[in-house]
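K.L.:
Sharing query-v4.pdb below, PDB, C-alpha atoms, pLDDT in the B column:
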```pdb
ATOM      1  CA  MET S   1      15.357  -7.861  -0.575  1.00 88.00           C
ATOM      2  CA  GLU S   2      11.868  -8.028   0.877  1.00 92.00           C
ATOM      3  CA  GLU S   3      12.773  -5.417   3.496  1.00 94.00           C
ATOM      4  CA  ALA S   4      14.254  -3.073   0.871  1.00 92.00           C
ATOM      5  CA  THR S   5      11.196  -3.518  -1.355  1.00 93.00           C
ATOM      6  CA  ASP S   6       8.859  -2.690   1.534  1.00 95.00           C
ATOM      7  CA  ILE S   7      10.887   0.438   2.365  1.00 95.00           C
ATOM      8  CA  ALA S   8      10.875   1.604  -1.272  1.00 94.00           C
ATOM      9  CA  ARG S   9       7.137   1.065  -1.546  1.00 95.00           C
ATOM     10  CA  SER S  10       6.502   2.916   1.717  1.00 96.00           C
ATOM     11  CA  PHE S  11       8.357   5.972   0.356  1.00 95.00           C
ATOM     12  CA  THR S  12       6.690   5.854  -3.071  1.00 96.00           C
ATOM     13  CA  ASN S  13       3.037   5.374  -2.250  1.00 96.00           C
ATOM     14  CA  GLY S  14       3.262   1.680  -3.142  1.00 95.00           C
ATOM     15  CA  GLN S  15       4.850   2.239  -6.565  1.00 96.00           C
ATOM     16  CA  GLY S  16       8.322   0.789  -5.927  1.00 96.00           C
ATOM     17  CA  ALA S  17      11.827   2.064  -6.530  1.00 96.00           C
ATOM     18  CA  ASP S  18      12.913   3.900  -9.665  1.00 97.00           C
ATOM     19  CA  SER S  19      15.826   1.500  -9.944  1.00 96.00           C
ATOM     20  CA  CYS S  20      17.344  -1.490  -8.253  1.00 96.00           C
ATOM     21  CA  ILE S  21      20.978  -2.579  -8.466  1.00 95.00           C
ATOM     22  CA  ILE S  22      21.611  -6.266  -7.818  1.00 94.00           C
ATOM     23  CA  CYS S  23      25.246  -6.280  -6.706  1.00 91.00           C
ATOM     24  CA  VAL S  24      25.808  -9.624  -5.028  1.00 88.00           C
ATOM     25  CA  GLY S  25      28.874 -11.605  -6.038  1.00 81.00           C
ATOM     26  CA  VAL S  26      27.018 -14.646  -7.354  1.00 89.00           C
ATOM     27  CA  THR S  27      23.621 -13.670  -8.746  1.00 92.00           C
ATOM     28  CA  THR S  28      20.663 -16.050  -8.899  1.00 93.00           C
ATOM     29  CA  GLY S  29      17.568 -15.870 -11.058  1.00 93.00           C
ATOM     30  CA  GLU S  30      15.450 -15.538  -7.936  1.00 94.00           C
ATOM     31  CA  GLN S  31      17.382 -12.430  -6.857  1.00 94.00           C
ATOM     32  CA  VAL S  32      16.836 -10.896 -10.303  1.00 95.00           C
ATOM     33  CA  ALA S  33      13.109 -11.653 -10.099  1.00 95.00           C
ATOM     34  CA  GLN S  34      12.943  -9.987  -6.677  1.00 95.00           C
ATOM     35  CA  GLY S  35      14.776  -6.946  -8.041  1.00 95.00           C
ATOM     36  CA  VAL S  36      12.399  -6.595 -10.985  1.00 96.00           C
ATOM     37  CA  ASP S  37       9.450  -6.972  -8.618  1.00 94.00           C
ATOM     38  CA  SER S  38      10.791  -4.165  -6.406  1.00 95.00           C
ATOM     39  CA  ILE S  39      10.837  -1.488  -9.123  1.00 96.00           C
ATOM     40  CA  ARG S  40       8.002   0.748 -10.288  1.00 97.00           C
ATOM     41  CA  LYS S  41       6.434   0.916 -13.726  1.00 97.00           C
ATOM     42  CA  ALA S  42       9.162   1.838 -16.264  1.00 97.00           C
ATOM     43  CA  GLY S  43      11.822   1.211 -13.597  1.00 97.00           C
ATOM     44  CA  THR S  44      15.213  -0.352 -14.217  1.00 97.00           C
ATOM     45  CA  CYS S  45      16.821  -3.356 -12.550  1.00 96.00           C
ATOM     46  CA  VAL S  46      20.609  -3.376 -13.037  1.00 96.00           C
ATOM     47  CA  LEU S  47      22.680  -6.571 -12.734  1.00 94.00           C
ATOM     48  CA  THR S  48      26.363  -6.447 -11.834  1.00 93.00           C
ATOM     49  CA  GLY S  49      26.997 -10.083 -10.896  1.00 89.00           C
ATOM     50  CA  LEU S  50      26.991 -13.376 -12.750  1.00 89.00           C
ATOM     51  CA  PRO S  51      25.537 -16.792 -11.886  1.00 90.00           C
ATOM     52  CA  ALA S  52      27.737 -19.516 -10.406  1.00 88.00           C
ATOM     53  CA  ALA S  53      27.268 -21.801 -13.422  1.00 88.00           C
ATOM     54  CA  ILE S  54      27.802 -20.556 -16.959  1.00 85.00           C
ATOM     55  CA  ASP S  55      24.733 -22.449 -18.197  1.00 85.00           C
ATOM     56  CA  ASP S  56      22.422 -21.011 -15.495  1.00 82.00           C
ATOM     57  CA  VAL S  57      20.080 -18.957 -17.679  1.00 80.00           C
ATOM     58  CA  ALA S  58      16.755 -19.179 -15.852  1.00 88.00           C
ATOM     59  CA  ILE S  59      15.174 -15.986 -14.498  1.00 91.00           C
ATOM     60  CA  PRO S  60      11.622 -16.503 -13.153  1.00 93.00           C
ATOM     61  CA  ILE S  61      10.180 -13.202 -14.415  1.00 93.00           C
ATOM     62  CA  SER S  62       6.740 -12.877 -15.955  1.00 89.00           C
ATOM     63  CA  ILE S  63       7.081 -11.548 -19.513  1.00 91.00           C
ATOM     64  CA  ARG S  64       3.584 -10.140 -19.189  1.00 91.00           C
ATOM     65  CA  HIS S  65       4.648  -8.219 -16.066  1.00 86.00           C
ATOM     66  CA  VAL S  66       7.696  -6.769 -17.870  1.00 92.00           C
ATOM     67  CA  VAL S  67       5.725  -5.777 -20.974  1.00 95.00           C
ATOM     68  CA  LEU S  68       2.670  -4.345 -19.218  1.00 96.00           C
ATOM     69  CA  PHE S  69       4.748  -2.334 -16.743  1.00 97.00           C
ATOM     70  CA  GLN S  70       7.560  -1.475 -19.190  1.00 97.00           C
ATOM     71  CA  LYS S  71      10.274  -2.564 -16.769  1.00 97.00           C
ATOM     72  CA  ARG S  72      13.890  -2.740 -17.915  1.00 96.00           C
ATOM     73  CA  LEU S  73      16.574  -5.278 -17.059  1.00 95.00           C
ATOM     74  CA  GLN S  74      20.071  -3.872 -17.645  1.00 95.00           C
ATOM     75  CA  GLY S  75      23.459  -5.522 -17.296  1.00 93.00           C
ATOM     76  CA  SER S  76      26.456  -3.482 -16.150  1.00 93.00           C
ATOM     77  CA  LEU S  77      30.143  -4.311 -16.411  1.00 87.00           C
ATOM     78  CA  PHE S  78      32.460  -1.868 -14.597  1.00 82.00           C
ATOM     79  CA  GLY S  79      29.593   0.632 -14.434  1.00 82.00           C
ATOM     80  CA  ALA S  80      29.665   0.956 -18.235  1.00 83.00           C
ATOM     81  CA  SER S  81      33.048   2.656 -17.967  1.00 87.00           C
ATOM     82  CA  SER S  82      36.433   1.935 -19.482  1.00 90.00           C
ATOM     83  CA  PRO S  83      38.713   0.796 -16.640  1.00 89.00           C
ATOM     84  CA  SER S  84      41.865   1.613 -18.629  1.00 93.00           C
ATOM     85  CA  LYS S  85      40.730   5.262 -18.774  1.00 93.00           C
ATOM     86  CA  GLU S  86      38.717   5.633 -15.558  1.00 93.00           C
ATOM     87  CA  ILE S  87      41.125   4.055 -13.046  1.00 93.00           C
ATOM     88  CA  PRO S  88      44.038   6.394 -13.880  1.00 96.00           C
ATOM     89  CA  ALA S  89      41.648   9.376 -13.715  1.00 95.00           C
ATOM     90  CA  LEU S  90      40.328   8.248 -10.320  1.00 95.00           C
ATOM     91  CA  LEU S  91      43.875   7.721  -9.033  1.00 96.00           C
ATOM     92  CA  GLU S  92      44.768  11.242 -10.103  1.00 97.00           C
ATOM     93  CA  LEU S  93      41.749  12.638  -8.242  1.00 97.00           C
ATOM     94  CA  TYR S  94      42.805  10.661  -5.150  1.00 96.00           C
ATOM     95  CA  ARG S  95      46.397  11.918  -5.368  1.00 97.00           C
ATOM     96  CA  HIS S  96      45.146  15.511  -5.454  1.00 97.00           C
ATOM     97  CA  GLY S  97      42.813  14.987  -2.473  1.00 96.00           C
ATOM     98  CA  ARG S  98      39.634  15.362  -4.529  1.00 97.00           C
ATOM     99  CA  LEU S  99      38.529  11.736  -4.132  1.00 96.00           C
ATOM    100  CA  LYS S 100      38.239  10.713  -0.491  1.00 95.00           C
ATOM    101  CA  LEU S 101      38.955   6.984  -0.254  1.00 93.00           C
ATOM    102  CA  ASP S 102      40.791   6.682   3.067  1.00 93.00           C
ATOM    103  CA  GLU S 103      37.616   7.670   4.907  1.00 93.00           C
ATOM    104  CA  LEU S 104      35.824   4.657   3.429  1.00 93.00           C
ATOM    105  CA  ILE S 105      38.184   2.098   4.984  1.00 93.00           C
ATOM    106  CA  THR S 106      36.585   0.352   7.933  1.00 91.00           C
ATOM    107  CA  ARG S 107      39.695  -1.585   9.020  1.00 92.00           C
ATOM    108  CA  ARG S 108      43.266  -2.277   7.959  1.00 93.00           C
ATOM    109  CA  TYR S 109      44.828  -5.743   8.069  1.00 95.00           C
ATOM    110  CA  THR S 110      48.410  -6.916   7.733  1.00 93.00           C
ATOM    111  CA  LEU S 111      49.496 -10.183   6.173  1.00 92.00           C
ATOM    112  CA  ASP S 112      49.744 -11.565   9.723  1.00 92.00           C
ATOM    113  CA  THR S 113      46.058 -10.758  10.377  1.00 94.00           C
ATOM    114  CA  LEU S 114      44.746 -11.773   6.957  1.00 91.00           C
ATOM    115  CA  ASN S 115      42.697 -14.709   8.312  1.00 94.00           C
ATOM    116  CA  GLU S 116      41.064 -12.370  10.834  1.00 94.00           C
ATOM    117  CA  GLY S 117      40.139 -10.095   7.924  1.00 92.00           C
ATOM    118  CA  PHE S 118      38.422 -12.929   6.080  1.00 90.00           C
ATOM    119  CA  GLU S 119      36.536 -13.903   9.228  1.00 92.00           C
ATOM    120  CA  ASP S 120      35.443 -10.297   9.789  1.00 92.00           C
ATOM    121  CA  MET S 121      34.275 -10.090   6.165  1.00 87.00           C
ATOM    122  CA  ARG S 122      32.268 -13.326   6.387  1.00 88.00           C
ATOM    123  CA  SER S 123      30.629 -12.314   9.672  1.00 89.00           C
ATOM    124  CA  GLY S 124      29.714  -8.826   8.440  1.00 85.00           C
ATOM    125  CA  ARG S 125      31.922  -6.980  10.969  1.00 86.00           C
ATOM    126  CA  ASN S 126      33.966  -5.393   8.201  1.00 87.00           C
ATOM    127  CA  LEU S 127      32.720  -4.093   4.871  1.00 84.00           C
ATOM    128  CA  ARG S 128      35.693  -2.202   3.439  1.00 89.00           C
ATOM    129  CA  GLY S 129      38.866  -3.593   4.919  1.00 91.00           C
ATOM    130  CA  ILE S 130      42.197  -3.415   3.151  1.00 93.00           C
ATOM    131  CA  ILE S 131      45.436  -5.353   3.415  1.00 92.00           C
ATOM    132  CA  SER S 132      48.432  -3.148   4.157  1.00 89.00           C
ATOM    133  CA  TYR S 133      51.750  -4.534   2.973  1.00 85.00           C
ATOM    134  CA  GLY S 134      54.924  -3.684   4.805  1.00 72.00           C
ATOM    135  CA  GLU S 135      53.380  -1.844   7.758  1.00 57.00           C
TER
END
```
Write out the structure in this file as structure tokens.

P.N.:
Amino acid sequence: MEEATDIARSFTNGQGADSCIICVGVTTGEQVAQGVDSIRKAGTCVLTGLPAAIDDVAIPISIRHVVLFQKRLQGSLFGASSPSKEIPALLELYRHGRLKLDELITRRYTLDTLNEGFEDMRSGRNLRGIISYGE
């Protein structure tokens, strides 16, 4: 996060990013605070993940900092879309060749190589692997 913040500030004359999307699987209050710190005045920090514990409600953000710099903290579930409507529409685009998904796959795994897939995911060697059934 520190590296991304430094890059954003270097491109924006020290102002920070317009927006930040925190998209880790298990989100901590510290990550949220870092995201809010990385955005510019009137910027938006979007959260897509949840904390590990349901009662984890602490986010170490200065209220004064949020008010004085008019920063926004926004939650997002499914990108604010309706999965029952969007997924069929996306599948239709894919079927007609207008949504390129195959090009995003970094590696294919079979059920026999499933453990290798998990190891590759944990080590960072594979970001978008899929499991192919019956191949």

K.L.:
Expand the PyMOL selection byres ((chain S and resi 130-132) around 7) into the individual residues it matches in the shown file, reporting them as number ranges by chain.

P.N.:
S: 107-111, 128-129, 133-135

K.L.:
Given all atoms listed in the file as the basis, pick out the residue of S:Val36, S:Thr44, S:Lys85, S:Gly29 nearest to S:Ile59.

P.N.:
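Selected residue with least distance to S:Ile59: S:Gly29.
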
K.L.:
Enumerate, as a PyMOL selection string, the protein, DNA and RNA residues whose atoms approach (23.8, -5.2, -18.0) to within 12 Å, taking into account only C-alpha atoms and the coordinate frame of the file.

P.N.:
chain S and resi 21-23+32+44-50+72-80

K.L.:
Mind giving me the axis-aligned box for stretch 122-131 of chain S with 6 Å on every side, centre plus edges in Å to one decimal, as AutoDock Vina command-line options?

P.N.:
```
--center_x 37.6 --center_y -7.8 --center_z 7.1 --size_x 27.7 --size_y 23.1 --size_z 19.8
```

K.L.:
By how many Å are atom CA of S:Lys41 and atom CA of S:Phe69 apart?

P.N.:
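If I compute the distance from atom CA of S:Lys41 to atom CA of S:Phe69, I get 4.7 Å.
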
K.L.:
What separation in Å, quoted to one decimal, exists between atom CA of S:Gln31 and atom CA of S:Asp120?

P.N.:
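Atom-to-atom, atom CA of S:Gln31 to atom CA of S:Asp120, that is 24.7 Å.
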
K.L.:
Do you know which residues the PyMOL selection byres ((chain S and resi 5-11) around 9) returns on this file, as a PyMOL selection string?

P.N.:
chain S and resi 1-4+12-18+34-35+37-40

K.L.:
I need the residues from that last selection saved to file as a tab-separated table (two decimals), in the frame of the given file (with C-alpha atoms), if you can.

P.N.:
```
chain	number	residue	atom	x	y	z
S	1	MET	CA	15.36	-7.86	-0.57
S	2	GLU	CA	11.87	-8.03	0.88
S	3	GLU	CA	12.77	-5.42	3.50
S	4	ALA	CA	14.25	-3.07	0.87
S	12	THR	CA	6.69	5.85	-3.07
S	13	ASN	CA	3.04	5.37	-2.25
S	14	GLY	CA	3.26	1.68	-3.14
S	15	GLN	CA	4.85	2.24	-6.56
S	16	GLY	CA	8.32	0.79	-5.93
S	17	ALA	CA	11.83	2.06	-6.53
S	18	ASP	CA	12.91	3.90	-9.66
S	34	GLN	CA	12.94	-9.99	-6.68
S	35	GLY	CA	14.78	-6.95	-8.04
S	37	ASP	CA	9.45	-6.97	-8.62
S	38	SER	CA	10.79	-4.16	-6.41
S	39	ILE	CA	10.84	-1.49	-9.12
S	40	ARG	CA	8.00	0.75	-10.29
```

K.L.:
Could you check which of S:Gly97, S:Val24, S:Glu30, S:Pro88 is closest to S:Ile61, using all atoms listed in the file?

P.N.:
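Counting all atoms listed in the file, the residue closest to S:Ile61 is S:Glu30.
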
K.L.:
Identify, on the basis of all atoms listed in the file, every residue whose closest approach to S:Leu127 does not exceed 12 Å; exclude the query and any residue fewer than 4 positions from it along the same chain; express the result as a PDB file with C-alpha atoms, keeping the file's coordinate frame.

P.N.:
```
ATOM      1  CA  LEU S 104      35.824   4.657   3.429  1.00 93.00           C
ATOM      2  CA  ILE S 105      38.184   2.098   4.984  1.00 93.00           C
ATOM      3  CA  THR S 106      36.585   0.352   7.933  1.00 91.00           C
ATOM      4  CA  ARG S 107      39.695  -1.585   9.020  1.00 92.00           C
ATOM      5  CA  ARG S 108      43.266  -2.277   7.959  1.00 93.00           C
ATOM      6  CA  GLY S 117      40.139 -10.095   7.924  1.00 92.00           C
ATOM      7  CA  PHE S 118      38.422 -12.929   6.080  1.00 90.00           C
ATOM      8  CA  GLU S 119      36.536 -13.903   9.228  1.00 92.00           C
ATOM      9  CA  ASP S 120      35.443 -10.297   9.789  1.00 92.00           C
ATOM     10  CA  MET S 121      34.275 -10.090   6.165  1.00 87.00           C
ATOM     11  CA  ARG S 122      32.268 -13.326   6.387  1.00 88.00           C
ATOM     12  CA  SER S 123      30.629 -12.314   9.672  1.00 89.00           C
TER      13      SER S 123
END
```

K.L.:
Name the closest residue to S:Asp55 among the candidates S:Thr28, S:Ile87, S:Lys71, S:Ser19; distances are taken between atoms, counting only C-alpha atoms.

P.N.:
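Smallest separation from S:Asp55 among the options: S:Thr28.
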
K.L.:
Interatomic distance between atom CA of S:Asn126 and atom CA of S:Tyr94?

P.N.:
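For atom CA of S:Asn126 relative to atom CA of S:Tyr94, the distance reads 22.7 Å.
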